[in-house]
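A.B. asks: Structure incoming, see below.
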Protein chains: 2
Amino acid sequence: MQPNEFHIMLLPNLSADTQGILAVPAAPFTLKSMIPTLEWTADGVRFLDQTRLPLEETYVLATSYQQVADVISTMVVRGAPAIGVSAAMGLALGVSRSQAATVPALAAEFETMCTTLAATRPTAVNLFWAIERMKSRFGELAAKTGATPAHVRDGLIAEAQAMYEEDIQACRQMGAHGAELLPQRGGVLTHCNAGALATCGYGTALGVIRSAVEQGREIHVYADETRPFLQGARLTAWELMHDGIPTTVLCDNMAASLMRQGKIQAVVVGADRIAANGDVANKIGTYGVAVLAKEHGIPFFVAAPWSTIDLKTPTGEAIPIEQRSPREVTHHAGKQLTPNGVGIENPAFDVTPARYVTAIITERGVLRAPYSESLQELETAASR
Amino acid sequence: MQPNEFHIMLLPNLSADTQGILAVPAAPFTLKSMIPTLEWTADGVRFLDQTRLPLEETYVLATSYQQVADVISTMVVRGAPAIGVSAAMGLALGVSRSQAATVPALAAEFETMCTTLAATRPTAVNLFWAIERMKSRFGELAAKTGATPAHVRDGLIAEAQAMYEEDIQACRQMGAHGAELLPQRGGVLTHCNAGALATCGYGTALGVIRSAVEQGREIHVYADETRPFLQGARLTAWELMHDGIPTTVLCDNMAASLMRQGKIQAVVVGADRIAANGDVANKIGTYGVAVLAKEHGIPFFVAAPWSTIDLKTPTGEAIPIEQRSPREVTHHAGKQLTPNGVGIENPAFDVTPARYVTAIITERGVLRAPYSESLQELETAASR
């Protein structure tokens, strides 16, 4: 089979009760660079299976909110903004599949749906933000005179679809704000995948790169492979090649050497949660890249939508860090790498203290230190 | 098949003309912690196949110098000190297999053998040091009155065996010198494998750790997995578990986070070449670890035998860095990780500037900055 050939397969690593998920062929894309990470359809929520990229472009259709939860926890879909909108769509799907005859009965079911989806991944705050927004919308819809389950359902589907559109719009705005921070010509390092595949399209960090390329800047992307899940080698490389942006993959431990050789002019990464003081939780390895960037005098940018900013969390110390299965480190492609019984570390994220962050790029604008002030100012301005 | 079960297989990835290499079962070990990385035998040079560890403990017997060259370039044996002694044994083997009737005829063949072995790997200076030492010994033996090919052969076999014994002795001395630099109790990070498997036994960086443990220090080793060849996950983990030393494997990009959490009290690594100013070439990723150690105030130690020190190379800038096949990065266990056509970086080594190195541990003693002075002093003292 040729790489990038369209291919239909069932998802192998979901739990037994979700094996009924349907795999469907890819629909034609309307935008050339649009990558269909996730999509609301009449039959359920359709996801591009990111565990099978880059060699297989396979889609899975989740037809229940439980299946959406499994799709999130098994990383068929990943990336903080995409996780948030996936959860919203999961809730809309759950409500639309409900047989509840009354709004109070639906509300009780909805509470269970929210609990299930919130338990999938602890670090990305967009997940909780999306669930809260859907809860709030549920409350508004249910409070209307004569509200029926059908009214609530239609309102929640519309809300999830609006979040999807807003996410793409936010990425475009981040791109517009951030592009000028990148060099006219040079190497830009990124870690993990903060691209179209981590959002509803276009990307956060990769959106900034796409926007810079659209402006005519000559960017060569250096993509950390990002062990253990290899989001950089598999996903970032795949989506940048899809758009024809020159890309080189490196092992994570090679970044320092490339910086010292002068090949990297800027770093741009995404985020899973940004605390009120500007500390950034992102994919494991981000903190090390930030330290290296500082040591080499290279600017370190974080691009994230406002839904990633968690003003209720004072500092990075308070961000919960997900520990994932040791098997992601000990095995690859079914083959064991390590001796039996050895200890394994597998934190999925780390925290980069705000002092390493040159700027935070959001859809509302570019923020600079001190972040505790600039974040609060932009929050206050937006709520006026 | 169970891990660490003895197993006999032919070497799969040597070039066609070396497929005649014999695989032989393991001999009983005389020392409990002695790992038979390489060994001179009556039938040829026997190597523990490091490409198959940790799950298969397989040996290959090289019966010609060309086979030894292939064993080095395919990384069946690796690690600067082990490469040096392997080359010396390869030359002894080549000379012992030669049909040359006169010493001048043998000298001409020997020149070819040296050229072949020198072409295997460019960065580890121990390779060139070992070849030079064997050349020098050849000259001495050939210059003796009435020298015959048999005399030269016996002398070169003895020389290679002496280098083997000296290497183990040097590791033990490094251990004795370096152990007190490690904490009484704490985490020690290492990168790649600078252990028994990288030497003729005991190890350089891991020799220092073994010695510290023998002294009763409570060391927990954190082993960077070391992409792309996974020497840490496969080899360091295997040999430390063999000796019952507590070990945790981490992906390279997790080291920064563990340092920030206070889990690492010292870093100790090996070296492939140390320049006259103290710049250290070692496995790719070492430089990044050194920068992270500095940022966290953690001492960064380099352990290497004197044969790794190259006073003819003024600084790290002049050390040639081997670029290895992109396939080591793009594939694992035969499975492709990256999309077709993406650019790949795969330098095998990087250079850590001397200013990041807290101390260099050698069999002659522990050196401190300024290294250009301390290295020269110890060289002069030894040659008196």
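By order in the structure tokens, chains are A, B, ...; within a chain, residues start at 1; ligands start at 1, following the order shown.
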Provide as a PyMOL selection string the residues of chain B at most 8 Å from chain A, counting only C-alpha atoms.

C.D. replies: chain B and resi 3+54-55+226-228+230+233-234+237-238+241+247-257+284-288+291-292+295+329+332-333+335-340+342-347+350-351

A.B. asks: Superposition of chain A onto chain B by least squares over all sequentially paired C-alpha atoms; the transformed chain is requested as a compact mmCIF listing (two decimals) with C-alpha atoms, in the first residue's frame.

C.D. replies:
# COMPACT_ATOMS: atom_id res chain seq x y z
CA MET A 1 10.84 -16.55 23.65
CA GLN A 2 11.70 -15.09 27.04
CA PRO A 3 13.82 -11.95 27.31
CA ASN A 4 17.48 -12.56 28.10
CA GLU A 5 17.15 -16.19 27.11
CA PHE A 6 20.26 -17.26 25.26
CA HIS A 7 19.60 -17.50 21.59
CA ILE A 8 21.66 -18.13 18.50
CA MET A 9 20.97 -16.29 15.28
CA LEU A 10 22.84 -15.18 12.22
CA LEU A 11 23.48 -11.50 11.86
CA PRO A 12 20.90 -10.17 9.38
CA ASN A 13 22.20 -6.80 8.34
CA LEU A 14 25.81 -7.38 7.40
CA SER A 15 26.78 -7.06 3.76
CA ALA A 16 26.51 -10.17 1.61
CA ASP A 17 30.16 -11.18 1.77
CA THR A 18 30.09 -11.42 5.55
CA GLN A 19 27.09 -13.70 5.91
CA GLY A 20 29.52 -16.48 6.67
CA ILE A 21 29.96 -15.11 10.18
CA LEU A 22 29.26 -17.82 12.69
CA ALA A 23 26.92 -17.40 15.60
CA VAL A 24 28.07 -19.19 18.72
CA PRO A 25 26.44 -19.82 22.07
CA ALA A 26 27.43 -17.82 25.12
CA ALA A 27 30.26 -19.13 27.24
CA PRO A 28 29.83 -19.18 31.02
CA PHE A 29 30.97 -15.90 32.61
CA THR A 30 33.79 -15.97 35.10
CA LEU A 31 32.85 -12.67 36.76
CA LYS A 32 29.30 -12.14 37.93
CA SER A 33 29.05 -8.65 36.49
CA MET A 34 31.31 -9.31 33.53
CA ILE A 35 29.48 -8.75 30.29
CA PRO A 36 31.33 -10.32 27.35
CA THR A 37 31.11 -7.41 24.90
CA LEU A 38 33.96 -8.72 22.79
CA GLU A 39 36.52 -11.45 23.21
CA TRP A 40 39.52 -12.88 21.39
CA THR A 41 39.04 -16.63 20.82
CA ALA A 42 40.97 -19.30 18.98
CA ASP A 43 38.39 -19.16 16.17
CA GLY A 44 38.13 -15.39 15.74
CA VAL A 45 36.74 -12.36 17.57
CA ARG A 46 33.47 -13.02 19.33
CA PHE A 47 30.99 -10.14 19.77
CA LEU A 48 27.78 -9.86 21.79
CA ASP A 49 25.32 -8.65 19.11
CA GLN A 50 24.14 -5.30 20.48
CA THR A 51 21.62 -4.80 17.68
CA ARG A 52 19.59 -7.67 19.18
CA LEU A 53 19.68 -6.74 22.85
CA PRO A 54 17.80 -6.65 25.16
CA LEU A 55 15.48 -9.42 24.07
CA GLU A 56 18.04 -11.69 22.44
CA GLU A 57 21.49 -12.45 23.80
CA THR A 58 23.22 -13.53 20.62
CA TYR A 59 26.89 -13.78 19.73
CA VAL A 60 28.63 -13.42 16.39
CA LEU A 61 32.08 -14.71 15.58
CA ALA A 62 34.05 -12.60 13.10
CA THR A 63 36.65 -14.74 11.35
CA SER A 64 38.22 -12.07 9.12
CA TYR A 65 39.23 -8.43 9.54
CA GLN A 66 36.55 -7.47 6.99
CA GLN A 67 33.92 -9.07 9.18
CA VAL A 68 35.23 -7.10 12.15
CA ALA A 69 34.90 -3.92 10.05
CA ASP A 70 31.29 -4.79 9.25
CA VAL A 71 30.56 -5.58 12.89
CA ILE A 72 31.80 -2.08 13.78
CA SER A 73 29.99 -0.19 11.01
CA THR A 74 26.67 -1.97 11.59
CA MET A 75 26.93 -1.30 15.33
CA VAL A 76 26.90 -4.95 16.43
CA VAL A 77 29.65 -3.52 18.63
CA ARG A 78 29.65 0.20 19.45
CA GLY A 79 31.01 2.58 22.08
CA ALA A 80 34.32 4.35 21.57
CA PRO A 81 36.57 2.16 23.78
CA ALA A 82 35.02 -1.08 22.46
CA ILE A 83 35.41 0.12 18.87
CA GLY A 84 39.12 0.77 19.49
CA VAL A 85 39.86 -2.67 20.93
CA SER A 86 37.65 -4.31 18.27
CA ALA A 87 39.75 -2.71 15.56
CA ALA A 88 42.97 -3.88 17.25
CA MET A 89 41.60 -7.40 17.44
CA GLY A 90 40.48 -7.11 13.81
CA LEU A 91 44.05 -6.29 12.81
CA ALA A 92 45.43 -9.15 14.90
CA LEU A 93 42.88 -11.43 13.26
CA GLY A 94 43.73 -10.20 9.77
CA VAL A 95 47.44 -10.78 10.34
CA SER A 96 46.86 -14.21 11.84
CA ARG A 97 44.75 -15.24 8.81
CA SER A 98 47.28 -13.88 6.29
CA GLN A 99 49.16 -16.23 3.97
CA ALA A 100 51.97 -13.70 3.45
CA ALA A 101 55.34 -15.47 3.31
CA THR A 102 57.49 -12.46 4.20
CA VAL A 103 57.23 -9.55 6.61
CA PRO A 104 57.21 -6.94 3.79
CA ALA A 105 54.33 -8.82 2.09
CA LEU A 106 52.50 -8.91 5.41
CA ALA A 107 53.16 -5.18 5.90
CA ALA A 108 51.48 -4.40 2.58
CA GLU A 109 48.43 -6.46 3.56
CA PHE A 110 48.42 -4.87 7.00
CA GLU A 111 48.20 -1.42 5.42
CA THR A 112 45.00 -2.47 3.61
CA MET A 113 43.57 -3.89 6.83
CA CYS A 114 44.25 -0.62 8.63
CA THR A 115 42.57 1.40 5.84
CA THR A 116 39.50 -0.83 5.89
CA LEU A 117 39.06 -0.66 9.65
CA ALA A 118 39.72 3.10 9.79
CA ALA A 119 36.86 3.68 7.32
CA THR A 120 34.19 2.18 9.56
CA ARG A 121 33.29 5.13 11.80
CA PRO A 122 34.77 8.65 11.77
CA THR A 123 34.04 10.20 15.16
CA ALA A 124 35.40 7.93 17.90
CA VAL A 125 39.10 8.71 18.10
CA ASN A 126 39.81 5.46 19.95
CA LEU A 127 39.48 3.72 16.58
CA PHE A 128 42.40 5.69 15.13
CA TRP A 129 44.33 5.51 18.38
CA ALA A 130 44.06 1.70 18.36
CA ILE A 131 45.07 1.43 14.70
CA GLU A 132 48.07 3.71 15.28
CA ARG A 133 49.14 1.67 18.29
CA MET A 134 48.92 -1.56 16.28
CA LYS A 135 50.84 0.06 13.40
CA SER A 136 53.54 1.17 15.78
CA ARG A 137 53.76 -2.30 17.32
CA PHE A 138 53.89 -3.85 13.84
CA GLY A 139 56.87 -1.61 13.07
CA GLU A 140 58.68 -2.63 16.27
CA LEU A 141 58.10 -6.31 15.66
CA ALA A 142 59.06 -6.13 11.99
CA ALA A 143 62.28 -4.27 12.83
CA LYS A 144 63.60 -7.04 15.05
CA THR A 145 66.42 -9.14 13.66
CA GLY A 146 65.10 -12.31 12.04
CA ALA A 147 61.46 -11.20 12.30
CA THR A 148 59.03 -13.58 10.60
CA PRO A 149 55.31 -13.22 9.86
CA ALA A 150 54.67 -15.64 12.74
CA HIS A 151 56.60 -13.42 15.17
CA VAL A 152 54.65 -10.36 14.03
CA ARG A 153 51.36 -12.27 14.31
CA ASP A 154 52.07 -13.43 17.86
CA GLY A 155 53.17 -9.96 18.89
CA LEU A 156 50.06 -8.29 17.47
CA ILE A 157 47.70 -10.81 19.09
CA ALA A 158 49.43 -10.13 22.41
CA GLU A 159 49.17 -6.38 21.84
CA ALA A 160 45.42 -6.54 21.13
CA GLN A 161 44.88 -8.69 24.19
CA ALA A 162 46.89 -6.24 26.28
CA MET A 163 44.70 -3.39 25.02
CA TYR A 164 41.65 -5.40 26.05
CA GLU A 165 43.00 -5.90 29.57
CA GLU A 166 44.13 -2.28 29.83
CA ASP A 167 40.65 -1.10 28.83
CA ILE A 168 39.00 -3.03 31.65
CA GLN A 169 41.65 -1.79 34.06
CA ALA A 170 41.11 1.82 32.90
CA CYS A 171 37.37 1.49 33.47
CA ARG A 172 37.97 0.23 37.00
CA GLN A 173 40.27 3.17 37.68
CA MET A 174 37.76 5.65 36.25
CA GLY A 175 35.19 4.10 38.55
CA ALA A 176 37.46 4.51 41.57
CA HIS A 177 38.22 8.15 40.69
CA GLY A 178 34.68 9.11 39.75
CA ALA A 179 32.51 7.33 42.32
CA GLU A 180 32.98 10.01 44.97
CA LEU A 181 31.63 12.65 42.58
CA LEU A 182 28.22 10.97 42.63
CA PRO A 183 25.71 11.61 45.43
CA GLN A 184 25.44 9.33 48.47
CA ARG A 185 21.84 8.90 47.50
CA GLY A 186 20.01 10.19 44.46
CA GLY A 187 19.22 10.05 40.78
CA VAL A 188 21.94 9.94 38.15
CA LEU A 189 21.05 10.57 34.52
CA THR A 190 23.00 8.96 31.72
CA HIS A 191 22.64 9.20 27.95
CA CYS A 192 23.32 6.47 25.40
CA ASN A 193 25.36 3.52 26.67
CA ALA A 194 28.78 4.17 28.13
CA GLY A 195 28.78 0.87 29.94
CA ALA A 196 30.30 -2.58 29.88
CA LEU A 197 28.78 -2.88 26.42
CA ALA A 198 30.70 0.18 25.17
CA THR A 199 34.02 -1.09 26.54
CA CYS A 200 35.68 -4.41 27.16
CA GLY A 201 33.80 -4.57 30.46
CA TYR A 202 32.66 -2.48 33.46
CA GLY A 203 32.12 0.71 31.45
CA THR A 204 33.15 4.34 31.60
CA ALA A 205 30.11 6.36 32.76
CA LEU A 206 28.40 3.19 33.98
CA GLY A 207 31.72 2.09 35.51
CA VAL A 208 31.61 5.23 37.66
CA ILE A 209 28.03 4.34 38.64
CA ARG A 210 28.96 0.68 39.32
CA SER A 211 31.84 1.81 41.49
CA ALA A 212 29.59 4.21 43.42
CA VAL A 213 27.08 1.39 44.00
CA GLU A 214 29.90 -0.93 45.12
CA GLN A 215 30.84 1.77 47.67
CA GLY A 216 27.32 1.61 49.04
CA ARG A 217 25.91 4.76 47.43
CA GLU A 218 22.19 4.53 46.74
CA ILE A 219 21.99 5.45 43.08
CA HIS A 220 18.88 5.31 40.94
CA VAL A 221 19.87 5.51 37.30
CA TYR A 222 17.72 7.44 34.82
CA ALA A 223 18.59 6.20 31.33
CA ASP A 224 17.69 8.37 28.33
CA GLU A 225 16.33 5.97 25.73
CA THR A 226 18.64 7.67 23.17
CA ARG A 227 16.95 7.86 19.80
CA PRO A 228 17.28 6.72 17.14
CA PHE A 229 19.31 3.61 18.01
CA LEU A 230 17.88 3.31 21.55
CA GLN A 231 21.18 2.43 23.23
CA GLY A 232 19.77 3.63 26.55
CA ALA A 233 16.45 1.77 26.41
CA ARG A 234 18.04 -1.38 25.07
CA LEU A 235 21.62 -1.57 26.31
CA THR A 236 22.03 0.59 29.41
CA ALA A 237 18.79 -0.75 30.87
CA TRP A 238 19.83 -4.32 30.08
CA GLU A 239 23.29 -4.15 31.61
CA LEU A 240 22.24 -2.26 34.75
CA MET A 241 19.42 -4.73 35.38
CA HIS A 242 22.01 -7.50 34.85
CA ASP A 243 23.84 -6.00 37.85
CA GLY A 244 20.70 -5.26 39.87
CA ILE A 245 21.13 -1.46 39.79
CA PRO A 246 17.73 0.34 39.95
CA THR A 247 17.03 1.87 36.55
CA THR A 248 14.27 3.91 34.94
CA VAL A 249 14.12 4.49 31.20
CA LEU A 250 12.79 7.79 29.90
CA CYS A 251 12.33 9.29 26.46
CA ASP A 252 15.08 11.80 25.74
CA ASN A 253 12.61 14.69 25.84
CA MET A 254 11.61 13.88 29.46
CA ALA A 255 15.00 14.64 31.04
CA ALA A 256 14.32 18.37 31.41
CA SER A 257 11.10 17.74 33.32
CA LEU A 258 12.75 15.21 35.67
CA MET A 259 15.54 17.69 36.39
CA ARG A 260 13.03 20.38 37.24
CA GLN A 261 11.27 17.95 39.57
CA GLY A 262 14.55 17.43 41.47
CA LYS A 263 14.90 13.76 40.52
CA ILE A 264 18.40 14.12 39.03
CA GLN A 265 21.42 14.94 41.23
CA ALA A 266 24.16 14.32 38.65
CA VAL A 267 24.69 13.48 34.99
CA VAL A 268 27.45 11.16 33.81
CA VAL A 269 28.08 10.29 30.18
CA GLY A 270 30.87 8.80 28.07
CA ALA A 271 32.72 10.36 25.15
CA ASP A 272 33.77 9.48 21.62
CA ARG A 273 36.44 12.14 21.35
CA ILE A 274 37.66 14.90 23.67
CA ALA A 275 39.48 17.81 22.03
CA ALA A 276 42.52 19.54 23.53
CA ASN A 277 40.35 22.33 24.95
CA GLY A 278 37.96 19.88 26.68
CA ASP A 279 35.14 20.00 24.11
CA VAL A 280 33.43 16.59 24.14
CA ALA A 281 31.98 14.71 21.16
CA ASN A 282 29.50 12.11 22.33
CA LYS A 283 26.23 10.51 21.23
CA ILE A 284 23.71 12.91 19.71
CA GLY A 285 21.67 14.49 22.49
CA THR A 286 24.53 14.80 24.96
CA TYR A 287 24.90 18.53 24.31
CA GLY A 288 21.23 19.13 25.06
CA VAL A 289 21.53 17.21 28.33
CA ALA A 290 24.56 19.33 29.26
CA VAL A 291 22.64 22.57 28.64
CA LEU A 292 19.74 21.31 30.76
CA ALA A 293 22.10 20.24 33.54
CA LYS A 294 23.68 23.71 33.61
CA GLU A 295 20.25 25.37 33.70
CA HIS A 296 19.27 23.24 36.72
CA GLY A 297 22.60 23.52 38.56
CA ILE A 298 23.29 19.79 38.18
CA PRO A 299 26.90 18.63 37.73
CA PHE A 300 27.69 17.17 34.30
CA PHE A 301 30.50 14.59 34.27
CA VAL A 302 32.22 12.93 31.33
CA ALA A 303 34.01 9.59 31.88
CA ALA A 304 36.43 8.37 29.24
CA PRO A 305 39.75 6.57 28.97
CA TRP A 306 42.82 8.56 27.98
CA SER A 307 42.63 6.99 24.49
CA THR A 308 39.50 9.15 23.90
CA ILE A 309 41.48 12.35 24.41
CA ASP A 310 42.75 13.79 21.15
CA LEU A 311 45.25 16.53 21.87
CA LYS A 312 45.86 16.89 18.12
CA THR A 313 42.31 18.20 17.68
CA PRO A 314 42.31 21.74 19.12
CA THR A 315 38.53 22.20 19.63
CA GLY A 316 35.22 20.43 19.05
CA GLU A 317 34.77 22.33 15.79
CA ALA A 318 37.42 20.11 14.20
CA ILE A 319 35.81 16.79 15.20
CA PRO A 320 34.16 15.05 12.22
CA ILE A 321 30.53 14.15 12.96
CA GLU A 322 29.23 10.95 11.40
CA GLN A 323 25.90 11.22 9.58
CA ARG A 324 24.08 7.89 9.61
CA SER A 325 21.31 6.54 7.40
CA PRO A 326 17.93 8.36 7.55
CA ARG A 327 16.37 4.93 7.85
CA GLU A 328 17.42 4.73 11.53
CA VAL A 329 15.00 7.64 12.13
CA THR A 330 12.26 6.84 9.60
CA HIS A 331 11.78 3.18 10.45
CA HIS A 332 11.53 1.05 13.51
CA ALA A 333 11.21 -2.72 13.59
CA GLY A 334 10.64 -2.57 9.83
CA LYS A 335 7.72 -0.19 10.19
CA GLN A 336 7.84 3.25 8.59
CA LEU A 337 7.14 6.14 10.99
CA THR A 338 7.40 9.20 8.75
CA PRO A 339 5.67 10.20 5.50
CA ASN A 340 7.57 9.44 2.31
CA GLY A 341 9.87 12.18 1.10
CA VAL A 342 10.20 14.21 4.30
CA GLY A 343 13.68 15.53 5.14
CA ILE A 344 15.56 13.72 7.91
CA GLU A 345 18.42 14.71 10.21
CA ASN A 346 20.54 11.89 11.65
CA PRO A 347 23.87 13.07 13.02
CA ALA A 348 25.27 10.33 15.25
CA PHE A 349 27.09 12.70 17.60
CA ASP A 350 27.18 16.24 18.86
CA VAL A 351 29.80 18.39 20.56
CA THR A 352 29.40 19.68 24.10
CA PRO A 353 31.58 22.76 24.66
CA ALA A 354 33.99 22.42 27.56
CA ARG A 355 32.25 25.17 29.56
CA TYR A 356 29.32 22.78 30.25
CA VAL A 357 31.57 20.01 31.59
CA THR A 358 31.95 19.95 35.38
CA ALA A 359 34.77 17.38 35.29
CA ILE A 360 36.34 14.79 33.01
CA ILE A 361 36.97 11.45 34.72
CA THR A 362 39.87 9.40 33.29
CA GLU A 363 41.96 6.49 34.51
CA ARG A 364 44.70 9.02 35.25
CA GLY A 365 42.49 11.11 37.52
CA VAL A 366 39.70 13.68 37.53
CA LEU A 367 40.29 16.78 35.41
CA ARG A 368 38.76 20.20 35.95
CA ALA A 369 38.63 23.35 33.82
CA PRO A 370 40.59 24.92 32.28
CA TYR A 371 40.89 21.64 30.37
CA SER A 372 43.46 22.91 27.88
CA GLU A 373 45.80 23.11 30.88
CA SER A 374 44.70 20.09 32.91
CA LEU A 375 44.71 17.76 29.89
CA GLN A 376 48.17 18.90 28.82
CA GLU A 377 49.54 18.57 32.37
CA LEU A 378 48.34 14.99 32.74
CA GLU A 379 49.66 14.10 29.28
CA THR A 380 53.07 15.55 30.10
CA ALA A 381 53.16 13.86 33.52
CA ALA A 382 52.35 10.48 31.98
CA SER A 383 55.01 10.77 29.28
CA ARG A 384 57.78 11.59 31.76

A.B. asks: Among region 11-128 of chain A, which ones does DSSP assign to strand (DSSP E) (computed from the backbone)? Answer as a list in words.

C.D. replies: Leu22, Ala23, Val24, Leu38, Glu39, Trp40, Thr41, Gly44, Val45, Arg46, Phe47, Leu48, Tyr59, Val60, Leu61 and Ala62 of chain A
